[in-house]
Amino acid sequence: MLVSSTSACFRRAASSSVRATTSRSIATAAADLGFETSTVDGIKIATKDIAGPITTLSFVIKAGSRYATVPGVAHALQRFAYKNTPKRSGLRLTRETELLGGSLTSVLTRDSIVLTARFLKDDLPYFFEALSDVFVQPTLARHELAEVVAPLLKLDAKLADADAAFVASEAINSAAYRKGLGLPLYAQATDSISIDNVRSYKDAVYTKSNVAIVASGTDISTLSDLVSTYLETAPAGTASTNASTFYGGELRIPSTAGNVLTFGIAAEPSPTFNVLASVLGGASSIKWSYGASLLGATAGKAYAKVTPYSGSSLLTVTATGSPAEIKSAGAAAVDALKTVATGVSSEILKKGIAGAKFEALSGLESTAGLASVGEILLGSGSVPAAAKIISEIESVTADSVKSLAEKILSEKVAAAAVGKVSELPYVDELGLKA
């Protein structure tokens, strides 16, 4: 009962404080995606005021592994989320969150650390204040690193090593980019991370210029007022920067977790990447069916995808299964690229464009999509209108798709083999260059 009364007081105090604040921002709308955007006290914000009882709130911070000043420090900072602050202990935050029926998550990507809360709409003031507290003044205690965070880092790494697809993803990023986006997502056993490293990194990246606040289930005025109220004291800082260069090359990693072969190229984001991935396909959109895409012939053993980053996109073709199945699927993937390189029919191009449009727009709809919106907002300062996304994808021509397939076949690619590497093919045996 005492905890309940205390939490209720928090909500009432936060609500009254927000109502007393005058927003210092001008909102702009990207109506077709439903997001309104604004900048408040140097912080970029976006919100979609959808009907329903649940609000989702994300602090998207440009603090991912690509910006790590010390190997593994971004992972450590992400795992410090929702621990102690001067205002409340981690235990108190957990109990109050459970009391209000909400949930808190933190996610690390190569671009960002994403702090997300989901809760009943009436509890927005409490959860905004709680996330702001975690963002502005985490305690980052030395004993927490040793007793709580370090074991979590080891567990994350152990679980990741047991996932062959993840290991392959890490390896191809390393081959493609080397530094920056090529750095490991998680802390490695060889990394030495001190509490001073974590504190210095936090001071550098947890700043107004490095965060975008994205929400669904609230209006722009309310969100602006909350930002003005609770983030006024956050340091301004300077935006993190990290240019990406594609190198290529092949890595082979023995593993008992499974067999994976993946190859691809990276370049500045282009809708042609997305259309080619859609044309190649491989991942069926209909249950119990392999689909009619070019890679559908591999019976689910190979698929193409685009992984978007800030300033770069990585287009990959991945094959899984036994070494023999991977060799067959890999050869089929190269044959599919050769087919595209000879020319794309209007029907295949139309289908590829439709699939690319769906993937691009549906990726902004989910809770994970809020992180994507935040990363776009940090990169460009605005959320693109759906009409613009559609127009850019529809402008892709058969010739540009053909040229991209020719480039993959003729130029150096990045590649990674994981599993029984003595039995897995090298990409040059499939006709590619690494």
# chains A, B, ... in the order shown; residues from 1 in each chain; ligands from 1
>>> residues_around(residues="A:Pro308", least_positions_apart="6", cutoff="12 Å", atoms="only C-alpha atoms", output="PyMOL selection string")
chain A and resi 109-111+173+181+266-271+273-274+314-316+359-360+363+372+375-376
>>> atom_distance(atom1="atom CA of A:Ile113", atom2="atom CA of A:Gly34")
24.0 Å
>>> closest_residue(among="A:Ala76, A:Ala171, A:Ala336, A:Leu131", to="A:Val148", atoms="only C-alpha atoms")
A:Ala76
>>> select_by_dssp(residues="stretch 94-321 of chain A", states="alpha helix (DSSP H)", output="MDAnalysis selection string")
chainID A and resid 94:99 124:136 142:144 150:161 164:177 195:205 220:230 271:280
>>> decode(residues="stretch 182-218 of chain A", atoms="N, CA, C and O atoms", output="tab-separated table (two decimals), in the first residue's frame")
chain	number	residue	atom	x	y	z
A	182	GLY	N	32.00	-2.73	-37.93
A	182	GLY	CA	32.59	-4.06	-37.88
A	182	GLY	C	32.98	-4.51	-36.49
A	182	GLY	O	33.37	-5.66	-36.29
A	183	LEU	N	32.88	-3.62	-35.51
A	183	LEU	CA	33.21	-4.00	-34.13
A	183	LEU	C	32.17	-4.98	-33.59
A	183	LEU	O	31.00	-4.92	-33.95
A	184	PRO	N	32.57	-5.90	-32.69
A	184	PRO	CA	31.60	-6.84	-32.12
A	184	PRO	C	30.48	-6.11	-31.39
A	184	PRO	O	30.71	-5.08	-30.74
A	185	LEU	N	29.29	-6.65	-31.51
A	185	LEU	CA	28.15	-6.05	-30.83
A	185	LEU	C	28.28	-6.21	-29.32
A	185	LEU	O	28.01	-5.27	-28.56
A	186	TYR	N	28.72	-7.38	-28.88
A	186	TYR	CA	28.81	-7.68	-27.45
A	186	TYR	C	30.27	-7.69	-26.98
A	186	TYR	O	31.20	-7.92	-27.76
A	187	ALA	N	30.44	-7.46	-25.70
A	187	ALA	CA	31.76	-7.53	-25.09
A	187	ALA	C	32.31	-8.95	-25.21
A	187	ALA	O	31.59	-9.93	-25.05
A	188	GLN	N	33.60	-9.03	-25.50
A	188	GLN	CA	34.27	-10.31	-25.65
A	188	GLN	C	35.04	-10.67	-24.38
A	188	GLN	O	35.32	-9.81	-23.54
A	189	ALA	N	35.38	-11.95	-24.25
A	189	ALA	CA	36.09	-12.41	-23.05
A	189	ALA	C	37.43	-11.71	-22.89
A	189	ALA	O	37.94	-11.56	-21.78
A	190	THR	N	38.01	-11.26	-24.01
A	190	THR	CA	39.32	-10.60	-23.96
A	190	THR	C	39.22	-9.11	-23.65
A	190	THR	O	40.26	-8.46	-23.44
A	191	ASP	N	38.02	-8.56	-23.62
A	191	ASP	CA	37.85	-7.14	-23.36
A	191	ASP	C	38.04	-6.82	-21.88
A	191	ASP	O	37.60	-7.58	-21.01
A	192	SER	N	38.69	-5.72	-21.61
A	192	SER	CA	38.88	-5.25	-20.24
A	192	SER	C	38.16	-3.92	-20.09
A	192	SER	O	38.61	-2.90	-20.64
A	193	ILE	N	37.05	-3.92	-19.38
A	193	ILE	CA	36.20	-2.74	-19.26
A	193	ILE	C	36.18	-2.29	-17.81
A	193	ILE	O	35.76	-3.04	-16.92
A	194	SER	N	36.62	-1.08	-17.55
A	194	SER	CA	36.61	-0.54	-16.20
A	194	SER	C	35.39	0.35	-16.01
A	194	SER	O	34.77	0.80	-16.98
A	195	ILE	N	35.05	0.64	-14.77
A	195	ILE	CA	33.92	1.52	-14.50
A	195	ILE	C	34.21	2.93	-15.02
A	195	ILE	O	33.30	3.64	-15.46
A	196	ASP	N	35.48	3.32	-15.03
A	196	ASP	CA	35.84	4.62	-15.58
A	196	ASP	C	35.59	4.67	-17.08
A	196	ASP	O	35.18	5.71	-17.61
A	197	ASN	N	35.83	3.54	-17.77
A	197	ASN	CA	35.52	3.47	-19.20
A	197	ASN	C	34.03	3.70	-19.44
A	197	ASN	O	33.63	4.44	-20.34
A	198	VAL	N	33.19	3.04	-18.62
A	198	VAL	CA	31.74	3.14	-18.78
A	198	VAL	C	31.27	4.56	-18.49
A	198	VAL	O	30.44	5.12	-19.22
A	199	ARG	N	31.79	5.15	-17.42
A	199	ARG	CA	31.38	6.51	-17.06
A	199	ARG	C	31.78	7.51	-18.15
A	199	ARG	O	31.00	8.40	-18.50
A	200	SER	N	32.98	7.37	-18.68
A	200	SER	CA	33.44	8.28	-19.72
A	200	SER	C	32.58	8.14	-20.99
A	200	SER	O	32.23	9.13	-21.63
A	201	TYR	N	32.25	6.90	-21.32
A	201	TYR	CA	31.42	6.67	-22.51
A	201	TYR	C	30.02	7.24	-22.31
A	201	TYR	O	29.46	7.88	-23.21
A	202	LYS	N	29.48	7.04	-21.12
A	202	LYS	CA	28.16	7.58	-20.82
A	202	LYS	C	28.17	9.10	-20.96
A	202	LYS	O	27.25	9.70	-21.54
A	203	ASP	N	29.18	9.76	-20.43
A	203	ASP	CA	29.27	11.22	-20.51
A	203	ASP	C	29.34	11.70	-21.96
A	203	ASP	O	28.83	12.76	-22.29
A	204	ALA	N	29.97	10.89	-22.81
A	204	ALA	CA	30.14	11.29	-24.20
A	204	ALA	C	28.89	11.09	-25.04
A	204	ALA	O	28.61	11.88	-25.95
A	205	VAL	N	28.10	10.04	-24.72
A	205	VAL	CA	26.99	9.68	-25.63
A	205	VAL	C	25.60	9.96	-25.06
A	205	VAL	O	24.65	10.13	-25.84
A	206	TYR	N	25.44	10.00	-23.75
A	206	TYR	CA	24.12	10.28	-23.18
A	206	TYR	C	23.91	11.79	-23.10
A	206	TYR	O	23.95	12.40	-22.03
A	207	THR	N	23.69	12.39	-24.28
A	207	THR	CA	23.56	13.84	-24.39
A	207	THR	C	22.35	14.18	-25.26
A	207	THR	O	21.81	13.32	-25.97
A	208	LYS	N	21.94	15.43	-25.20
A	208	LYS	CA	20.78	15.88	-25.97
A	208	LYS	C	20.98	15.67	-27.48
A	208	LYS	O	20.04	15.31	-28.19
A	209	SER	N	22.19	15.93	-27.94
A	209	SER	CA	22.44	15.82	-29.38
A	209	SER	C	22.47	14.38	-29.87
A	209	SER	O	22.41	14.13	-31.08
A	210	ASN	N	22.52	13.43	-28.94
A	210	ASN	CA	22.64	12.02	-29.31
A	210	ASN	C	21.37	11.22	-29.07
A	210	ASN	O	21.38	10.00	-29.27
A	211	VAL	N	20.30	11.84	-28.63
A	211	VAL	CA	19.08	11.09	-28.30
A	211	VAL	C	17.90	11.58	-29.12
A	211	VAL	O	17.75	12.78	-29.38
A	212	ALA	N	17.08	10.65	-29.55
A	212	ALA	CA	15.79	10.94	-30.15
A	212	ALA	C	14.74	10.22	-29.31
A	212	ALA	O	14.92	9.06	-28.94
A	213	ILE	N	13.67	10.91	-29.00
A	213	ILE	CA	12.61	10.33	-28.18
A	213	ILE	C	11.40	10.09	-29.07
A	213	ILE	O	10.87	11.02	-29.68
A	214	VAL	N	11.00	8.82	-29.14
A	214	VAL	CA	9.93	8.42	-30.05
A	214	VAL	C	8.86	7.69	-29.25
A	214	VAL	O	9.17	6.88	-28.38
A	215	ALA	N	7.60	8.02	-29.54
A	215	ALA	CA	6.50	7.42	-28.78
A	215	ALA	C	5.34	7.10	-29.71
A	215	ALA	O	5.19	7.68	-30.78
A	216	SER	N	4.52	6.19	-29.26
A	216	SER	CA	3.22	5.95	-29.89
A	216	SER	C	2.18	5.90	-28.79
A	216	SER	O	2.43	5.34	-27.71
A	217	GLY	N	1.03	6.53	-29.03
A	217	GLY	CA	-0.02	6.55	-28.03
A	217	GLY	C	-0.05	7.80	-27.19
A	217	GLY	O	-0.63	7.80	-26.10
A	218	THR	N	0.57	8.88	-27.66
A	218	THR	CA	0.48	10.16	-26.99
A	218	THR	C	0.63	11.26	-28.03
A	218	THR	O	1.05	11.00	-29.17
